[in-house]
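Colleague: I have a structure here, written as structure tokens, and I will follow up with some questions on it.
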Amino acid sequence: MDTPTETNRALIAKAFDGLAKGDPSNFMPLFDETIEWRVMGSSAWSKHAEGLESVTRDLVGPLFSRFAGPYLTTAQLIIADGDHVAVQAKGDAVTHEGDRYDNDYCFVFTMCDGKIVKVVEYMDTILADRALGTGS
């Protein structure tokens, strides 16, 4: 029988397998209605969103609207412990202006009953402001 650690790691790994190909269909359904997402730092892209509607409207929507094509995110390392899954990842995208947006990330996911209830995201916020703009 799978442990919560194994189950949560497998869910996140499957989601990132899709994200590496530009397919979020295994990622977005993992979001719990009560999801809380905090992008750390002090840039225009550093935000705290609570609830699925806010995460979609204030984080996911503005981010994806900046890209000319698919946004690929490849997991480089996945570490799981119970309800927590940490992912070191590399982004691969081009903005509408032709700027590269290849950010490095560390995501810490908190899971509950197979759903993501909390995300803490660390990234290069200077790169985000430079490539994506500060008018988000």
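The way I read the labels, and the way they are meant: chains A, B, ... in the order of the structure tokens, residue 1 as the first residue of every chain, and ligand 1 as the first ligand shown, with later ones counted on from there.
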Within 7 Å of region 13-25 of chain A, counting only C-alpha atoms, which residues show up once you throw out same-chain ones fewer than 3 positions away? Write them as a PyMOL selection string, please.
Modeller: chain A and resi 9-10+28-29+70-75
Colleague: When DSSP is applied to the backbone of this structure, which of chain A are assigned alpha helix (DSSP H)? Write them out as number ranges by chain.
Modeller: A: 4-19, 52-54, 61-64, 125-132
Colleague: Produce a file of the selected residues containing N, CA and C atoms, as a CSV table (one decimal), in the first residue's frame.
Modeller:
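Result file follows (result-v9.csv):
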```
chain,number,residue,atom,x,y,z
A,4,PRO,N,1.2,8.1,2.3
A,4,PRO,CA,0.9,9.5,1.9
A,4,PRO,C,2.1,10.1,1.2
A,5,THR,N,3.3,9.9,1.6
A,5,THR,CA,4.5,10.4,1.0
A,5,THR,C,4.6,10.0,-0.5
A,6,GLU,N,4.4,8.7,-0.7
A,6,GLU,CA,4.5,8.1,-2.1
A,6,GLU,C,3.4,8.6,-2.9
A,7,THR,N,2.2,8.7,-2.4
A,7,THR,CA,1.0,9.1,-3.2
A,7,THR,C,1.2,10.6,-3.6
A,8,ASN,N,1.5,11.4,-2.6
A,8,ASN,CA,1.7,12.9,-2.9
A,8,ASN,C,2.8,13.1,-3.9
A,9,ARG,N,3.9,12.4,-3.7
A,9,ARG,CA,5.1,12.5,-4.7
A,9,ARG,C,4.6,12.1,-6.1
A,10,ALA,N,3.9,11.0,-6.2
A,10,ALA,CA,3.4,10.6,-7.5
A,10,ALA,C,2.5,11.6,-8.2
A,11,LEU,N,1.6,12.2,-7.4
A,11,LEU,CA,0.7,13.2,-8.0
A,11,LEU,C,1.4,14.4,-8.5
A,12,ILE,N,2.4,14.9,-7.7
A,12,ILE,CA,3.1,16.0,-8.2
A,12,ILE,C,4.0,15.7,-9.3
A,13,ALA,N,4.7,14.5,-9.3
A,13,ALA,CA,5.5,14.1,-10.4
A,13,ALA,C,4.7,14.0,-11.7
A,14,LYS,N,3.6,13.4,-11.7
A,14,LYS,CA,2.7,13.3,-12.8
A,14,LYS,C,2.3,14.7,-13.4
A,15,ALA,N,2.0,15.6,-12.5
A,15,ALA,CA,1.7,16.9,-12.9
A,15,ALA,C,2.8,17.6,-13.6
A,16,PHE,N,4.1,17.5,-13.0
A,16,PHE,CA,5.2,18.1,-13.6
A,16,PHE,C,5.6,17.4,-14.9
A,17,ASP,N,5.4,16.1,-15.1
A,17,ASP,CA,5.6,15.4,-16.3
A,17,ASP,C,4.8,16.1,-17.4
A,18,GLY,N,3.6,16.5,-17.1
A,18,GLY,CA,2.7,17.2,-18.1
A,18,GLY,C,3.2,18.6,-18.3
A,19,LEU,N,3.6,19.3,-17.2
A,19,LEU,CA,4.0,20.7,-17.3
A,19,LEU,C,5.3,20.8,-18.2
A,52,LEU,N,-9.2,29.3,-5.0
A,52,LEU,CA,-8.9,28.9,-6.3
A,52,LEU,C,-9.2,30.1,-7.3
A,53,GLU,N,-10.3,30.8,-7.1
A,53,GLU,CA,-10.6,32.0,-8.0
A,53,GLU,C,-9.5,33.0,-8.0
A,54,SER,N,-9.0,33.3,-6.8
A,54,SER,CA,-7.9,34.3,-6.7
A,54,SER,C,-6.6,33.8,-7.3
A,61,GLY,N,-3.6,33.4,-14.4
A,61,GLY,CA,-4.0,34.2,-15.6
A,61,GLY,C,-3.0,35.2,-16.1
A,62,PRO,N,-2.6,36.2,-15.2
A,62,PRO,CA,-1.6,37.2,-15.6
A,62,PRO,C,-0.3,36.6,-16.1
A,63,LEU,N,0.2,35.5,-15.5
A,63,LEU,CA,1.4,34.9,-15.9
A,63,LEU,C,1.3,34.3,-17.3
A,64,PHE,N,0.3,33.5,-17.5
A,64,PHE,CA,0.2,32.8,-18.8
A,64,PHE,C,-0.2,33.8,-20.0
A,125,THR,N,13.0,36.8,-8.8
A,125,THR,CA,12.0,37.9,-9.0
A,125,THR,C,12.5,39.0,-9.8
A,126,ILE,N,13.8,39.2,-9.9
A,126,ILE,CA,14.3,40.3,-10.7
A,126,ILE,C,14.1,39.8,-12.2
A,127,LEU,N,14.4,38.6,-12.5
A,127,LEU,CA,14.1,38.1,-13.8
A,127,LEU,C,12.6,38.2,-14.2
A,128,ALA,N,11.8,37.9,-13.3
A,128,ALA,CA,10.3,38.0,-13.5
A,128,ALA,C,10.0,39.5,-13.9
A,129,ASP,N,10.4,40.4,-13.1
A,129,ASP,CA,10.1,41.8,-13.4
A,129,ASP,C,10.7,42.2,-14.7
A,130,ARG,N,11.9,41.8,-15.0
A,130,ARG,CA,12.6,42.2,-16.3
A,130,ARG,C,11.9,41.6,-17.5
A,131,ALA,N,11.6,40.3,-17.5
A,131,ALA,CA,11.0,39.7,-18.6
A,131,ALA,C,9.5,39.8,-18.7
A,132,LEU,N,8.8,39.9,-17.6
A,132,LEU,CA,7.4,39.9,-17.6
A,132,LEU,C,6.8,41.3,-17.4
```
Colleague: CA of Phe31 (chain A) to CA of Asp92 (chain A): how many Å, to one decimal?
Modeller: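 Between these atoms lies a distance of 22.3 Å.
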Colleague: Which one of A:Val39, A:Val120, A:Ala68, A:Leu30 sits closest to Val87 (chain A) if you count only C-alpha atoms?
Modeller: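 Of the candidates, the smallest distance to Val87 (chain A) is held by A:Val120.
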Colleague: A:Gly114, A:Arg100, A:Thr134, A:Val108: which is nearest Trp37 (chain A), counting only C-alpha atoms?
Modeller: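 Between A:Gly114, A:Arg100, A:Thr134, A:Val108, the residue approaching Trp37 (chain A) most closely is A:Val108.
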Colleague: Using DSSP on the backbone coordinates, identify the residues of region 20-122 of chain A assigned to strand (DSSP E); present them as JSON, numbers by chain.
Modeller: {"A": [31, 32, 33, 34, 35, 36, 37, 38, 39, 48, 49, 50, 72, 73, 74, 75, 76, 77, 78, 79, 80, 81, 84, 85, 86, 87, 88, 89, 90, 91, 92, 104, 105, 106, 107, 108, 109, 110, 111, 112, 115, 116, 117, 118, 119, 120, 121, 122]}
Colleague: To one decimal place, how far is CA of Arg38 (chain A) from CA of Lys118 (chain A) in Å?
Modeller: 8.1 Å
Colleague: When you look at His96 (chain A) with a cut-off of 8 Å (counting only C-alpha atoms), what residues show up, excluding the ones that are within fewer than 2 positions of it in the same chain? I need them as a PDB file with C-alpha atoms, in the first residue's frame.
Modeller:
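The new file part-v3.pdb reads:
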```pdb
ATOM      1  CA  ARG A  66       2.555  37.081 -20.960  1.00  0.00           C
ATOM      2  CA  PHE A  67       3.706  34.091 -23.024  1.00  0.00           C
ATOM      3  CA  ALA A  68       3.788  33.787 -26.802  1.00  0.00           C
ATOM      4  CA  VAL A  94       9.168  33.226 -24.453  1.00  0.00           C
ATOM      5  CA  GLY A  98      10.477  37.757 -27.592  1.00  0.00           C
ATOM      6  CA  ASP A  99      12.221  37.830 -24.211  1.00  0.00           C
TER       7      ASP A  99
END
```
Colleague: Might you pull out every residue within 10 Å of Met123 (chain A), with only C-alpha atoms counted and same-chain residues fewer than 6 positions away left off, and present them as a list in words?
Modeller: Val39, Met40, Gly41, Trp45, Ser46, Ala89, Lys90, Asn103, Asp104, Tyr105, Cys106 and Phe107 of chain A
Colleague: Please compute the CA of Glu97 (chain A)-CA of Phe27 (chain A) distance, one decimal, in Å.
Modeller: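 Computing the Euclidean distance for CA of Glu97 (chain A) and CA of Phe27 (chain A) yields 27.0 Å.
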Colleague: Name the residues in contact with Ile78 (chain A) at a cut-off of 7 Å, using only C-alpha atoms, excluding same-chain residues fewer than 6 positions from it; report them as a list in words.
Modeller: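 Returned residues: Val85, Ala86, Val87 and Gln88 of chain A.
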Colleague: Selection from above, all heavy atoms, as an mmCIF file, in the first residue's frame, can you write it?
Modeller:
```
data_model
loop_
_atom_site.group_PDB
_atom_site.id
_atom_site.type_symbol
_atom_site.label_atom_id
_atom_site.label_comp_id
_atom_site.auth_asym_id
_atom_site.auth_seq_id
_atom_site.Cartn_x
_atom_site.Cartn_y
_atom_site.Cartn_z
ATOM 1 N N VAL A 85 5.579 18.291 -0.466
ATOM 2 C CA VAL A 85 6.369 17.910 -1.634
ATOM 3 C C VAL A 85 7.115 19.153 -2.105
ATOM 4 O O VAL A 85 6.493 20.187 -2.382
ATOM 5 C CB VAL A 85 5.488 17.360 -2.777
ATOM 6 C CG1 VAL A 85 6.357 16.932 -3.959
ATOM 7 C CG2 VAL A 85 4.619 16.198 -2.306
ATOM 8 N N ALA A 86 8.430 19.060 -2.174
ATOM 9 C CA ALA A 86 9.255 20.167 -2.658
ATOM 10 C C ALA A 86 9.754 19.826 -4.053
ATOM 11 O O ALA A 86 10.179 18.697 -4.310
ATOM 12 C CB ALA A 86 10.435 20.411 -1.718
ATOM 13 N N VAL A 87 9.679 20.814 -4.943
ATOM 14 C CA VAL A 87 10.099 20.609 -6.327
ATOM 15 C C VAL A 87 11.049 21.723 -6.738
ATOM 16 O O VAL A 87 10.710 22.904 -6.651
ATOM 17 C CB VAL A 87 8.892 20.593 -7.293
ATOM 18 C CG1 VAL A 87 9.365 20.404 -8.739
ATOM 19 C CG2 VAL A 87 7.888 19.523 -6.899
ATOM 20 N N GLN A 88 12.238 21.332 -7.163
ATOM 21 C CA GLN A 88 13.160 22.262 -7.801
ATOM 22 C C GLN A 88 12.887 22.127 -9.292
ATOM 23 O O GLN A 88 12.868 21.009 -9.825
ATOM 24 C CB GLN A 88 14.597 21.895 -7.476
ATOM 25 C CG GLN A 88 15.621 22.837 -8.053
ATOM 26 C CD GLN A 88 17.043 22.407 -7.712
ATOM 27 O OE1 GLN A 88 17.270 21.409 -7.043
ATOM 28 N NE2 GLN A 88 17.995 23.170 -8.204
#
```
Colleague: Rank A:Lys115, A:Asp124, A:Asp2, A:Phe109 by their smallest atom-to-atom distance to Gly91 (chain A), using only C-alpha atoms, and report the top residue only.
Modeller: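 Nearest candidate to Gly91 (chain A) out of A:Lys115, A:Asp124, A:Asp2, A:Phe109: A:Asp124.
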